[in-house]
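Comments concern the structure below.
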Amino acid sequence: MRRLADLPEDTPARIRALKTPPLLRRRLLALGVRPGAEVRVVRRAPLGDPMEIAVGDTLIAIRHAEAAGVELEE
Amino acid sequence: MSCPDCKSAAARRDLVKSARMVTIGNPNTGKTTLINALAGSDLKVGNWPGTTVERLEATLRLPGKELLLVDLPGTYSLSPTTPEEALAARELLANPPDVVVNVVDAGNLERNLHLTLELAELGLPVVLAMNLMDEAAAKGYTLDPAALEKELGVPVIPLVASRGAGIEKLLGSLDQARVPALQVRYPGALESAVRELASRLEHPARRWIALALLAGEEVPLELDPAVQEFARSRRAELERAGIDPYLEIENARYTRAHELAQRVLVGSEPRLTLTDRVDRWVLHPLLGGPIFLLGMLLAFRFTFLFSTPWVDFIGGLQEVLAGWIRALPLPPLAVSFLADGLIGGVGTVISFAPVLFFLYLALAFLETSGFLARAAFIADRMMLLAGLPGRAFIPLILGFGCNVPAVYATRVLTGRLDRLRVAMAVPFMSCSARLPVFVLLAAVFFPEQASLVVFGLYLLGMMVGLLTAWLIGRAAGAAPSSGLMELPPYRLPAARVVLKQAWARTRSFLTGAGGFITLAVVVIWALLNLPPGTDMTHSYYVLLSSALKPLFAPLGVDDWRLLGALIPGFVAKEVVAGTLALSYLGAEPSAALGLLQGLGQIIAGFWSSVLATLGAVPALFGLPQLVPPAADEPTALQLALASAITPAAALAYMVYVLLYTPCVATLAAIRHEFGRGWALIAVVYELIVAWLLAWGAYRLALIWLGA
Ligand SMILES: Nc1nc2c(ncn2[C@@H]2O[C@H](COP(=O)(O)OP(=O)(O)OP(=O)(O)O)[C@@H](O)[C@H]2O)c(=O)[nH]1
């Protein structure tokens with residue numbers, strides 16, 4: 001299964017499900033990170049974590065551990 | 001005033017003439033800028049009652065009526081994930097305004113219109129302010145606001161708030177505010193549950209409330225328990241049918257917002273934006289770190305280099321005023337009270353104003369420009385070690401300059417617990433006022449390793465601070481902080497807005513924390529000068545200092561003069577070194593001043609402060625002074641100290657000064673932000689930690705240096 005946490009940079013993918021704790025899921029949804037949306041990893045921080053993702057017109061910082069719950073379509 | 005009826009009658013009369021309007025929108029869409037453009041000079045910054053969430057308010061006088069304008073905290077949605085967002089939803093439901101101005105980012109319509117669709121469900125009259133049109137154009141977007149107007153059935157006004165473009169049109173359209181005609185349709189079973197539930201509610205926002213209940217949200221209203229029970233059973237039914245109401249609702253709203261955005265976006269030729277280009281450097285894998293450190297250093301030096309001349313100026317002013325008072329024919333005790341107690345207290349309060357003002361300028365610039373989010377992104381991994389989000393870095397680093405602004409800087413964090421954790425850690429960051437004590441003692445007792453000792457103390461403070469933050473997080477059983485945040489586009493902050501906001505926030509410190517600080521200074525004055533007619537060696541101060549002896553005997557410090565210096569150190573840590581000099585060497589007489597002489601000093605002081613501020617510009621980019629200046633000749637004070645205690649005890653004393661109680665201004669800030677209880681906890685906790693670690697340092701030093 002593909003997870004957002006492991007997505008290489010600049011490879012667009014589609015989100016399938018948010019398997020995250022409830023509060024984090026709400027935060028993700030509020031920012032537009034939702035099943036069906038296209039996501040792209042822009043870059044990773046100099047220390048490797050967190051990473052920057054683009055969803056629609058929004059740029060978002062997300063930690064590796066948080067992105068591990070975001071499942072992608074194959 | 002105490003009769004409630006007259007009050008409400010007066011309020012009713014007001015309602016006729018004035019309407020209440022609120023602005024709401026996603027964070028960073030330019031709400032503050034818009035309010036500034038609308039309100040001109042009449043802007044008030046305060047807090048939402050019972051919170052530390054900032055509230056902007058303005059009164060707008062239009063021909064024939066008055067508009068009260070309130071800015072709601074920026075929010076992505078009305079189902080809150082932070083206290084700020086909860087406040088926005090609560091305010092809209094409990095206190096429905098006459099008009100809602102929904103500020104949306106023209107360059108990010110889909111996500112912004114999601115909130116608009118929620119507002120439609122609230123049943124409130126809306127005008128849509130489509131802001132940041134210039135940025136959307138720079139992105140290569142061509143937009144058709146008229147199409148959106150048709151779809152939503154509310155006025156849609158394109159704006160560039162930072163340039164004031166479109167403001168007149170917005171004002172003119174307020175009369176045509178309407179409840180949006182467009183309502184999201186939810187999939188079959190969900191939609192019928194929503195309708196059924198809504199029909200049992202009597203509130204203009206019944207559709208939104210029904211949706212929130214089905215999604216399992218807390219609704220900040222008093223609801224009929226029967227209705228709540230009904231909602232619970234429908235929700236359970238939906239879940240049994242394999243439907244996740246929350247997800248379905250969000251999904252339907254986003255799908256609709258997407259369609260709407262597509263309708264409005266008539267052309268798009270994606271271009272590389274400013275943000276893309278700047279981030280390539282600022283977030284570069286190798287250069288990102290150094291650029292981040294440089295940026296933090298700049299913000300730090302900006303705050304302290306520019307404010308120092310003004311702090312000095314206020315100090316000079318204080319001296320002149322005190323000098324004038326000494327020239328008055330008053331009894332000595334009264335002169336001393338006015339000159340040292342009262343002017344000293346008020347002067348201490350005012351001397352924080354320049355520091356806070358420049359700090360707020362730096363923070364507002366960092367925050368509204370988009371740099372703050374990048375700094376948090378880079379620092380996140382480090383802060384995660386203490387279980388803190390990346391933004392915590394900013395208040396902590398400011399703490400090395402002065403703890404007071406650092407406590408206020410915790411506002412860059414979302415969530416009260418994270419703020420509190422950082423605010424409790426801040427006082428352990430060794431502020432610049434503690435350095436003179438370290439330099440003085442290190443030069444006497446550890447002349448060879450003075451720099452190393454001072455550096456070690458800074459490090460110790462930092463570690464204790466981070467550990468404290470970590471412990472509080474642990475004790476509160478909080479979920480690990482989140483690193484999730486938007487990285488907003490880079491934008492040039494409007495100088496006028498930033499200046500005005502910085503001044504309003506500084507004023508809030510003066511009124512909110514000023515009394516407490518002045519009082520503390522007066523108490524210390526009383527200790528030093530009472531009972532009347534005695535010199536210092538017979539004052540309550542010496543009695544108290546001597547009483548502390550048994551407590552500090554285990555640390556090897558038993559000289560009342562050293563112990564006593566800790567007491568005024570509570571007012572401001574820079575006083576510790578001065579008090580040591582005073583009690584070892586005796587007081588220098590302070591002179592009375594003539595009127596003209598004093599005025600001359602004020603003018604000269606003002607001028608030199610202006611020059612020093614200008615002179616700070618090149619210094620801003622100079623190299624920081626990492627090594628404390630070493631004194632060459634041992635002074636009389638140093639000789640006196642050398643014979644007063646042992647090196648091991650000196651080390652314990654330095655550790656104690658580093659960690660013991662926040663100064664009174666920092667406490668006032670903690671009290672102002674988090675309440676009296678936490679200020680008290682901070683004092684007790686830090687006194688205990690300081691004693692324990694000083695004791696540890698003393699024992700270790702005894703082993704290491706020999707007794
Ligand atoms: N280019 C451009 N910049 C704008 C415009 N409106 C506001 N800004 C800038 O956008 C940034 C954010 O504006 P604010 O007014 O602080 O946004 P806000 O919505 O009040 O932000 P929060 O209170 O944090 O939710 C500032 O740097 C403004 O100068 C605009 O129309 N065009």
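Ligands are numbered from 1 in the order shown, chains are lettered A, B, ... in the order of the structure tokens, and residues start at 1 in each chain.
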Could the residues of chain B within 8 Å of chain A, counting only C-alpha atoms, be given as a VMD selection string, please?
-> chain B and resid 76 to 77 81 107 to 108 110 to 111 250 to 251 254 283 to 286 288 to 289 377 to 378 380 to 381 482 to 488
With 6 Å as the cut-off and only C-alpha atoms and all ligand atoms counted, what is the closest atom pair between each nearby residue of chain B and ligand 1? Distances in Å to one decimal, ordered by chain and number, as JSON lines.
```
{"residue": "B:Pro27", "atom": "CA", "partner": "ligand 1", "partner_atom_place_in_ligand_line": "25 (O)", "distance": 3.2}
{"residue": "B:Asn28", "atom": "CA", "partner": "ligand 1", "partner_atom_place_in_ligand_line": "21 (O)", "distance": 3.4}
{"residue": "B:Thr29", "atom": "CA", "partner": "ligand 1", "partner_atom_place_in_ligand_line": "19 (O)", "distance": 4.0}
{"residue": "B:Gly30", "atom": "CA", "partner": "ligand 1", "partner_atom_place_in_ligand_line": "15 (O)", "distance": 3.3}
{"residue": "B:Lys31", "atom": "CA", "partner": "ligand 1", "partner_atom_place_in_ligand_line": "19 (O)", "distance": 3.8}
{"residue": "B:Thr32", "atom": "CA", "partner": "ligand 1", "partner_atom_place_in_ligand_line": "20 (O)", "distance": 3.6}
{"residue": "B:Thr33", "atom": "CA", "partner": "ligand 1", "partner_atom_place_in_ligand_line": "15 (O)", "distance": 3.7}
{"residue": "B:Pro73", "atom": "CA", "partner": "ligand 1", "partner_atom_place_in_ligand_line": "25 (O)", "distance": 5.9}
{"residue": "B:Gly74", "atom": "CA", "partner": "ligand 1", "partner_atom_place_in_ligand_line": "25 (O)", "distance": 3.7}
{"residue": "B:Asn131", "atom": "CA", "partner": "ligand 1", "partner_atom_place_in_ligand_line": "31 (O)", "distance": 5.0}
{"residue": "B:Leu132", "atom": "CA", "partner": "ligand 1", "partner_atom_place_in_ligand_line": "31 (O)", "distance": 3.5}
{"residue": "B:Asp134", "atom": "CA", "partner": "ligand 1", "partner_atom_place_in_ligand_line": "32 (N)", "distance": 5.7}
{"residue": "B:Glu135", "atom": "CA", "partner": "ligand 1", "partner_atom_place_in_ligand_line": "1 (N)", "distance": 5.4}
{"residue": "B:Leu159", "atom": "CA", "partner": "ligand 1", "partner_atom_place_in_ligand_line": "31 (O)", "distance": 6.0}
{"residue": "B:Val160", "atom": "CA", "partner": "ligand 1", "partner_atom_place_in_ligand_line": "31 (O)", "distance": 3.2}
{"residue": "B:Ala161", "atom": "CA", "partner": "ligand 1", "partner_atom_place_in_ligand_line": "31 (O)", "distance": 4.1}
{"residue": "B:Ser162", "atom": "CA", "partner": "ligand 1", "partner_atom_place_in_ligand_line": "5 (C)", "distance": 4.3}
{"residue": "B:Thr368", "atom": "CA", "partner": "ligand 1", "partner_atom_place_in_ligand_line": "27 (O)", "distance": 4.2}
{"residue": "B:Ser369", "atom": "CA", "partner": "ligand 1", "partner_atom_place_in_ligand_line": "27 (O)", "distance": 4.9}
{"residue": "B:Arg491", "atom": "CA", "partner": "ligand 1", "partner_atom_place_in_ligand_line": "27 (O)", "distance": 4.7}
{"residue": "B:Leu492", "atom": "CA", "partner": "ligand 1", "partner_atom_place_in_ligand_line": "27 (O)", "distance": 4.9}
{"residue": "B:Pro493", "atom": "CA", "partner": "ligand 1", "partner_atom_place_in_ligand_line": "27 (O)", "distance": 3.4}
{"residue": "B:Ala494", "atom": "CA", "partner": "ligand 1", "partner_atom_place_in_ligand_line": "29 (O)", "distance": 4.4}
```
Would you list the contacts of Gly461 of chain B as an NGL selection string, taking every protein, DNA or RNA residue within 9 Å and counting only C-alpha atoms, but skipping same-chain residues closer than 3 positions in sequence?
-> :B and (427-430 or 456-458 or 464-466 or 655 or 658-659)
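Residues of segment 251-402 of chain B that DSSP places in strand (DSSP E), based on the backbone of this structure, are Leu265, Val266, Gly267 and Ser268 of chain B.
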DSSP says helix (DSSP H, G or I) for which residues of segment 34-241 of chain B? Put them as a compact mmCIF listing (two decimals) with N, CA and C atoms, in the first residue's frame?
```
# COMPACT_ATOMS: atom_id res chain seq x y z
N LEU B 34 -8.02 44.41 5.37
CA LEU B 34 -9.30 44.95 4.91
C LEU B 34 -9.92 45.86 5.97
N ILE B 35 -9.92 45.39 7.21
CA ILE B 35 -10.51 46.20 8.28
C ILE B 35 -9.76 47.52 8.41
N ASN B 36 -8.46 47.47 8.28
CA ASN B 36 -7.67 48.70 8.34
C ASN B 36 -8.05 49.65 7.22
N ALA B 37 -8.22 49.08 6.04
CA ALA B 37 -8.58 49.92 4.91
C ALA B 37 -9.97 50.54 5.11
N LEU B 38 -10.87 49.76 5.70
CA LEU B 38 -12.22 50.26 5.93
C LEU B 38 -12.27 51.29 7.05
N ALA B 39 -11.51 51.02 8.11
CA ALA B 39 -11.70 51.78 9.33
C ALA B 39 -10.84 53.02 9.42
N PRO B 83 -8.88 26.55 19.45
CA PRO B 83 -9.75 27.44 20.23
C PRO B 83 -10.18 28.68 19.44
N GLU B 84 -9.28 29.18 18.59
CA GLU B 84 -9.59 30.36 17.78
C GLU B 84 -10.77 30.08 16.86
N GLU B 85 -10.70 28.91 16.22
CA GLU B 85 -11.75 28.57 15.27
C GLU B 85 -13.06 28.32 15.99
N ALA B 86 -12.97 27.71 17.17
CA ALA B 86 -14.18 27.45 17.95
C ALA B 86 -14.86 28.77 18.27
N LEU B 87 -14.03 29.77 18.54
CA LEU B 87 -14.56 31.07 18.88
C LEU B 87 -15.34 31.68 17.71
N ALA B 88 -14.82 31.51 16.51
CA ALA B 88 -15.49 32.07 15.33
C ALA B 88 -16.87 31.46 15.17
N ALA B 89 -16.95 30.13 15.29
CA ALA B 89 -18.24 29.46 15.13
C ALA B 89 -19.21 29.88 16.22
N ARG B 90 -18.70 29.92 17.46
CA ARG B 90 -19.55 30.27 18.60
C ARG B 90 -20.13 31.67 18.43
N GLU B 91 -19.29 32.59 18.01
CA GLU B 91 -19.71 33.98 17.87
C GLU B 91 -20.81 34.10 16.80
N LEU B 92 -20.63 33.40 15.69
CA LEU B 92 -21.63 33.49 14.62
C LEU B 92 -22.97 32.91 15.04
N LEU B 93 -22.93 31.84 15.84
CA LEU B 93 -24.17 31.20 16.25
C LEU B 93 -24.86 31.95 17.38
N ALA B 94 -24.07 32.34 18.38
CA ALA B 94 -24.66 32.89 19.59
C ALA B 94 -24.98 34.38 19.43
N LEU B 109 -9.54 29.47 -4.52
CA LEU B 109 -10.99 29.56 -4.35
C LEU B 109 -11.60 28.30 -3.76
N GLU B 110 -11.15 27.14 -4.24
CA GLU B 110 -11.81 25.92 -3.82
C GLU B 110 -11.86 25.79 -2.30
N ARG B 111 -10.68 25.93 -1.67
CA ARG B 111 -10.65 25.76 -0.22
C ARG B 111 -11.41 26.89 0.48
N ASN B 112 -11.32 28.09 -0.04
CA ASN B 112 -11.98 29.24 0.59
C ASN B 112 -13.49 29.18 0.46
N LEU B 113 -13.98 28.67 -0.69
CA LEU B 113 -15.43 28.61 -0.89
C LEU B 113 -16.08 27.53 -0.03
N HIS B 114 -15.27 26.58 0.42
CA HIS B 114 -15.77 25.57 1.35
C HIS B 114 -16.39 26.26 2.57
N LEU B 115 -15.69 27.27 3.08
CA LEU B 115 -16.22 28.02 4.23
C LEU B 115 -17.47 28.81 3.83
N THR B 116 -17.45 29.36 2.62
CA THR B 116 -18.61 30.12 2.14
C THR B 116 -19.87 29.24 2.13
N LEU B 117 -19.70 28.00 1.70
CA LEU B 117 -20.84 27.08 1.65
C LEU B 117 -21.35 26.78 3.06
N GLU B 118 -20.44 26.73 4.00
CA GLU B 118 -20.87 26.54 5.39
C GLU B 118 -21.64 27.75 5.88
N LEU B 119 -21.17 28.95 5.50
CA LEU B 119 -21.87 30.17 5.91
C LEU B 119 -23.29 30.18 5.35
N ALA B 120 -23.45 29.66 4.13
CA ALA B 120 -24.77 29.60 3.52
C ALA B 120 -25.70 28.77 4.40
N GLU B 121 -25.16 27.71 4.99
CA GLU B 121 -25.97 26.85 5.85
C GLU B 121 -26.31 27.51 7.19
N LEU B 122 -25.53 28.52 7.55
CA LEU B 122 -25.82 29.25 8.79
C LEU B 122 -26.98 30.22 8.62
N MET B 133 -6.78 39.72 -5.49
CA MET B 133 -6.96 39.58 -6.93
C MET B 133 -5.62 39.73 -7.67
N ASP B 134 -4.76 40.60 -7.15
CA ASP B 134 -3.46 40.80 -7.81
C ASP B 134 -2.63 39.52 -7.78
N GLU B 135 -2.70 38.81 -6.65
CA GLU B 135 -1.91 37.60 -6.54
C GLU B 135 -2.44 36.51 -7.47
N ALA B 136 -3.77 36.43 -7.57
CA ALA B 136 -4.37 35.45 -8.47
C ALA B 136 -3.94 35.72 -9.90
N ALA B 137 -3.90 37.01 -10.25
CA ALA B 137 -3.49 37.38 -11.60
C ALA B 137 -2.03 36.98 -11.83
N ALA B 138 -1.19 37.20 -10.82
CA ALA B 138 0.22 36.86 -10.96
C ALA B 138 0.41 35.35 -11.10
N PRO B 145 -15.81 37.07 -11.41
CA PRO B 145 -16.58 37.23 -10.18
C PRO B 145 -18.08 37.23 -10.43
N ALA B 146 -18.51 37.74 -11.60
CA ALA B 146 -19.95 37.81 -11.88
C ALA B 146 -20.57 36.42 -11.89
N ALA B 147 -19.80 35.44 -12.36
CA ALA B 147 -20.33 34.07 -12.40
C ALA B 147 -20.61 33.58 -10.98
N LEU B 148 -19.71 33.92 -10.08
CA LEU B 148 -19.88 33.50 -8.69
C LEU B 148 -21.09 34.20 -8.08
N GLU B 149 -21.23 35.49 -8.43
CA GLU B 149 -22.35 36.27 -7.93
C GLU B 149 -23.67 35.59 -8.32
N LYS B 150 -23.73 35.12 -9.58
CA LYS B 150 -24.94 34.48 -10.07
C LYS B 150 -25.20 33.16 -9.33
N GLU B 151 -24.14 32.39 -9.15
CA GLU B 151 -24.30 31.09 -8.48
C GLU B 151 -24.75 31.24 -7.03
N LEU B 152 -24.10 32.17 -6.34
CA LEU B 152 -24.35 32.28 -4.90
C LEU B 152 -25.53 33.18 -4.56
N ALA B 161 -7.00 44.42 -1.09
CA ALA B 161 -7.14 45.16 0.17
C ALA B 161 -5.89 45.94 0.52
N SER B 162 -4.72 45.37 0.19
CA SER B 162 -3.49 46.04 0.58
C SER B 162 -3.33 47.36 -0.16
N ARG B 163 -3.99 47.52 -1.30
CA ARG B 163 -3.91 48.80 -2.02
C ARG B 163 -5.20 49.59 -1.89
N ILE B 167 -12.54 48.89 -2.08
CA ILE B 167 -13.12 49.15 -0.75
C ILE B 167 -14.45 49.90 -0.86
N GLU B 168 -14.47 50.94 -1.73
CA GLU B 168 -15.69 51.74 -1.89
C GLU B 168 -16.84 50.86 -2.34
N LYS B 169 -16.52 50.01 -3.31
CA LYS B 169 -17.57 49.13 -3.85
C LYS B 169 -18.09 48.18 -2.78
N LEU B 170 -17.17 47.71 -1.96
CA LEU B 170 -17.58 46.81 -0.88
C LEU B 170 -18.53 47.51 0.07
N LEU B 171 -18.18 48.74 0.44
CA LEU B 171 -19.05 49.50 1.35
C LEU B 171 -20.43 49.69 0.74
N GLY B 172 -20.45 49.98 -0.56
CA GLY B 172 -21.71 50.21 -1.24
C GLY B 172 -22.57 48.97 -1.34
N SER B 173 -21.93 47.80 -1.26
CA SER B 173 -22.70 46.57 -1.48
C SER B 173 -23.25 45.98 -0.19
N LEU B 174 -22.88 46.59 0.95
CA LEU B 174 -23.28 45.99 2.23
C LEU B 174 -24.79 45.90 2.37
N ASP B 175 -25.50 46.88 1.76
CA ASP B 175 -26.95 46.87 1.85
C ASP B 175 -27.57 45.68 1.11
N GLN B 176 -26.82 45.16 0.13
CA GLN B 176 -27.38 44.06 -0.66
C GLN B 176 -26.97 42.69 -0.15
N GLY B 188 -28.22 10.96 -0.73
CA GLY B 188 -29.53 10.47 -0.31
C GLY B 188 -29.85 10.37 1.17
N ALA B 189 -29.37 9.31 1.83
CA ALA B 189 -29.77 9.04 3.21
C ALA B 189 -29.35 10.19 4.12
N LEU B 190 -28.20 10.76 3.85
CA LEU B 190 -27.68 11.85 4.68
C LEU B 190 -28.58 13.07 4.54
N GLU B 191 -28.93 13.41 3.29
CA GLU B 191 -29.75 14.59 3.06
C GLU B 191 -31.12 14.46 3.76
N SER B 192 -31.70 13.28 3.70
CA SER B 192 -33.02 13.17 4.34
C SER B 192 -32.88 13.25 5.86
N ALA B 193 -31.78 12.71 6.40
CA ALA B 193 -31.56 12.83 7.84
C ALA B 193 -31.38 14.29 8.23
N VAL B 194 -30.67 15.05 7.40
CA VAL B 194 -30.44 16.47 7.67
C VAL B 194 -31.77 17.21 7.70
N ARG B 195 -32.61 16.95 6.71
CA ARG B 195 -33.89 17.66 6.63
C ARG B 195 -34.77 17.35 7.83
N GLU B 196 -34.81 16.05 8.15
CA GLU B 196 -35.66 15.63 9.25
C GLU B 196 -35.22 16.28 10.55
N LEU B 197 -33.91 16.29 10.75
CA LEU B 197 -33.37 16.86 11.98
C LEU B 197 -33.58 18.38 12.00
N ALA B 198 -33.35 19.01 10.87
CA ALA B 198 -33.46 20.47 10.80
C ALA B 198 -34.88 20.92 11.10
N SER B 199 -35.87 20.10 10.69
CA SER B 199 -37.26 20.50 10.89
C SER B 199 -37.61 20.50 12.38
N ARG B 206 -30.47 26.30 11.33
CA ARG B 206 -30.84 24.92 11.66
C ARG B 206 -30.19 23.89 10.74
N ARG B 207 -30.00 24.24 9.48
CA ARG B 207 -29.38 23.26 8.59
C ARG B 207 -27.93 22.98 9.00
N TRP B 208 -27.22 24.06 9.33
CA TRP B 208 -25.83 23.86 9.74
C TRP B 208 -25.77 23.06 11.04
N ILE B 209 -26.66 23.38 11.98
CA ILE B 209 -26.66 22.69 13.27
C ILE B 209 -26.97 21.20 13.07
N ALA B 210 -27.96 20.92 12.20
CA ALA B 210 -28.32 19.52 11.94
C ALA B 210 -27.11 18.77 11.38
N LEU B 211 -26.41 19.39 10.46
CA LEU B 211 -25.23 18.74 9.88
C LEU B 211 -24.17 18.50 10.94
N ALA B 212 -23.94 19.51 11.77
CA ALA B 212 -22.91 19.38 12.80
C ALA B 212 -23.27 18.24 13.76
N LEU B 213 -24.54 18.16 14.13
CA LEU B 213 -24.94 17.10 15.05
C LEU B 213 -24.75 15.72 14.42
N LEU B 214 -25.11 15.61 13.15
CA LEU B 214 -24.96 14.32 12.48
C LEU B 214 -23.49 13.95 12.32
N PRO B 225 -32.61 18.32 24.68
CA PRO B 225 -32.02 16.97 24.79
C PRO B 225 -32.71 15.96 23.88
N ALA B 226 -34.02 16.14 23.66
CA ALA B 226 -34.75 15.19 22.80
C ALA B 226 -34.18 15.26 21.37
N VAL B 227 -33.90 16.48 20.92
CA VAL B 227 -33.35 16.64 19.57
C VAL B 227 -31.96 16.01 19.49
N GLN B 228 -31.19 16.21 20.56
CA GLN B 228 -29.84 15.64 20.57
C GLN B 228 -29.91 14.12 20.51
N GLU B 229 -30.85 13.57 21.27
CA GLU B 229 -31.02 12.13 21.29
C GLU B 229 -31.41 11.63 19.90
N PHE B 230 -32.32 12.36 19.27
CA PHE B 230 -32.75 12.00 17.92
C PHE B 230 -31.55 12.02 16.95
N ALA B 231 -30.74 13.07 17.09
CA ALA B 231 -29.57 13.19 16.21
C ALA B 231 -28.62 12.01 16.41
N ARG B 232 -28.45 11.63 17.67
CA ARG B 232 -27.55 10.50 17.95
C ARG B 232 -28.05 9.22 17.29
N SER B 233 -29.36 9.01 17.35
CA SER B 233 -29.87 7.76 16.78
C SER B 233 -29.76 7.78 15.25
N ARG B 234 -30.03 8.94 14.63
CA ARG B 234 -29.89 9.01 13.17
C ARG B 234 -28.45 8.81 12.76
N ARG B 235 -27.55 9.38 13.56
CA ARG B 235 -26.13 9.24 13.26
C ARG B 235 -25.71 7.77 13.33
N ALA B 236 -26.21 7.08 14.40
CA ALA B 236 -25.87 5.67 14.55
C ALA B 236 -26.41 4.86 13.37
N GLU B 237 -27.63 5.23 12.94
CA GLU B 237 -28.23 4.55 11.80
C GLU B 237 -27.37 4.69 10.55
N LEU B 238 -26.95 5.93 10.29
CA LEU B 238 -26.12 6.19 9.12
C LEU B 238 -24.84 5.38 9.18
N GLU B 239 -24.24 5.35 10.38
CA GLU B 239 -22.99 4.63 10.52
C GLU B 239 -23.18 3.13 10.28
N ARG B 240 -24.33 2.64 10.75
CA ARG B 240 -24.61 1.22 10.51
C ARG B 240 -24.73 0.94 9.03
```
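Proximity ranking of B:Ile567, B:Met424, B:Ala469, B:Val521 relative to Val407 of chain B places B:Met424 first, based on only C-alpha atoms.
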For Phe509 of chain B: contacts at 9 Å, only C-alpha atoms, fewer than 2 positions along chain excluded, given as a ChimeraX atom specification = /B:349,352-353,356,504-507,511-514,669,672
Write the selection just made, keeping N, CA and C atoms, as an mmCIF file, in the first residue's frame?
```
data_model
loop_
_atom_site.group_PDB
_atom_site.id
_atom_site.type_symbol
_atom_site.label_atom_id
_atom_site.label_comp_id
_atom_site.auth_asym_id
_atom_site.auth_seq_id
_atom_site.Cartn_x
_atom_site.Cartn_y
_atom_site.Cartn_z
ATOM 1 N N VAL B 349 8.053 49.808 33.910
ATOM 2 C CA VAL B 349 6.976 49.399 33.000
ATOM 3 C C VAL B 349 7.204 49.998 31.620
ATOM 4 N N PHE B 352 9.795 48.735 29.089
ATOM 5 C CA PHE B 352 9.532 47.552 28.278
ATOM 6 C C PHE B 352 8.805 47.888 26.980
ATOM 7 N N ALA B 353 8.203 49.068 26.942
ATOM 8 C CA ALA B 353 7.417 49.414 25.761
ATOM 9 C C ALA B 353 8.232 49.373 24.464
ATOM 10 N N LEU B 356 8.939 45.717 23.459
ATOM 11 C CA LEU B 356 7.748 45.017 22.969
ATOM 12 C C LEU B 356 7.329 45.555 21.614
ATOM 13 N N ALA B 504 -0.829 48.935 19.161
ATOM 14 C CA ALA B 504 -2.008 48.550 19.947
ATOM 15 C C ALA B 504 -1.665 47.427 20.922
ATOM 16 N N ARG B 505 -0.823 46.490 20.488
ATOM 17 C CA ARG B 505 -0.452 45.381 21.367
ATOM 18 C C ARG B 505 0.451 45.863 22.493
ATOM 19 N N THR B 506 1.342 46.800 22.187
ATOM 20 C CA THR B 506 2.212 47.340 23.227
ATOM 21 C C THR B 506 1.379 48.044 24.296
ATOM 22 N N ARG B 507 0.376 48.781 23.829
ATOM 23 C CA ARG B 507 -0.483 49.498 24.752
ATOM 24 C C ARG B 507 -1.208 48.521 25.672
ATOM 25 N N THR B 511 -1.248 48.674 29.874
ATOM 26 C CA THR B 511 -2.435 48.742 30.721
ATOM 27 C C THR B 511 -2.668 47.420 31.444
ATOM 28 N N GLY B 512 -2.316 46.316 30.805
ATOM 29 C CA GLY B 512 -2.643 45.014 31.388
ATOM 30 C C GLY B 512 -1.644 44.542 32.419
ATOM 31 N N ALA B 513 -0.378 44.912 32.271
ATOM 32 C CA ALA B 513 0.645 44.389 33.170
ATOM 33 C C ALA B 513 1.305 45.495 33.977
ATOM 34 N N GLY B 514 1.056 46.746 33.634
ATOM 35 C CA GLY B 514 1.759 47.877 34.244
ATOM 36 C C GLY B 514 1.552 47.991 35.742
ATOM 37 N N ALA B 669 3.603 39.318 32.585
ATOM 38 C CA ALA B 669 3.232 38.862 31.241
ATOM 39 C C ALA B 669 2.544 37.499 31.309
ATOM 40 N N HIS B 672 -0.851 38.052 32.694
ATOM 41 C CA HIS B 672 -1.662 38.714 31.672
ATOM 42 C C HIS B 672 -2.165 37.701 30.642
#
```
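Take the candidates B:Val437, B:Ala476, B:Leu43, B:Leu223 and check each one against Glu574 of chain B using only C-alpha atoms; the shortest distance goes to B:Val437.
Among the candidates B:Leu321, B:Ala58, B:Met654, B:Ala697, the one nearest to Gly594 of chain B when counting only C-alpha atoms is B:Leu321.
The coordinates place atom CA of Tyr541 of chain B at 15.9 Å from atom CA of Leu333 of chain B.
The environment of Arg3 of chain A within 6 Å, counting only C-alpha atoms and disregarding residues fewer than 6 places along the same chain, consists of A:Ala68, A:Val70, A:Glu71, A:Leu72.
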Nearby residues (only C-alpha atoms) at most 12 Å from Phe365 of chain B, same-chain spacing under 3 positions excluded, as a list in words = Gly295, Ala299, Phe302, Thr303, Phe358, Leu359, Tyr360, Leu361, Ala362, Thr368, Ser369, Gly370, Phe371, Leu372, Ala373, Tyr490, Arg491, Leu492, Pro493, Ala494, Ala495, Arg496, Val497, Val498, Leu499, Gln501 and Ala502 of chain B
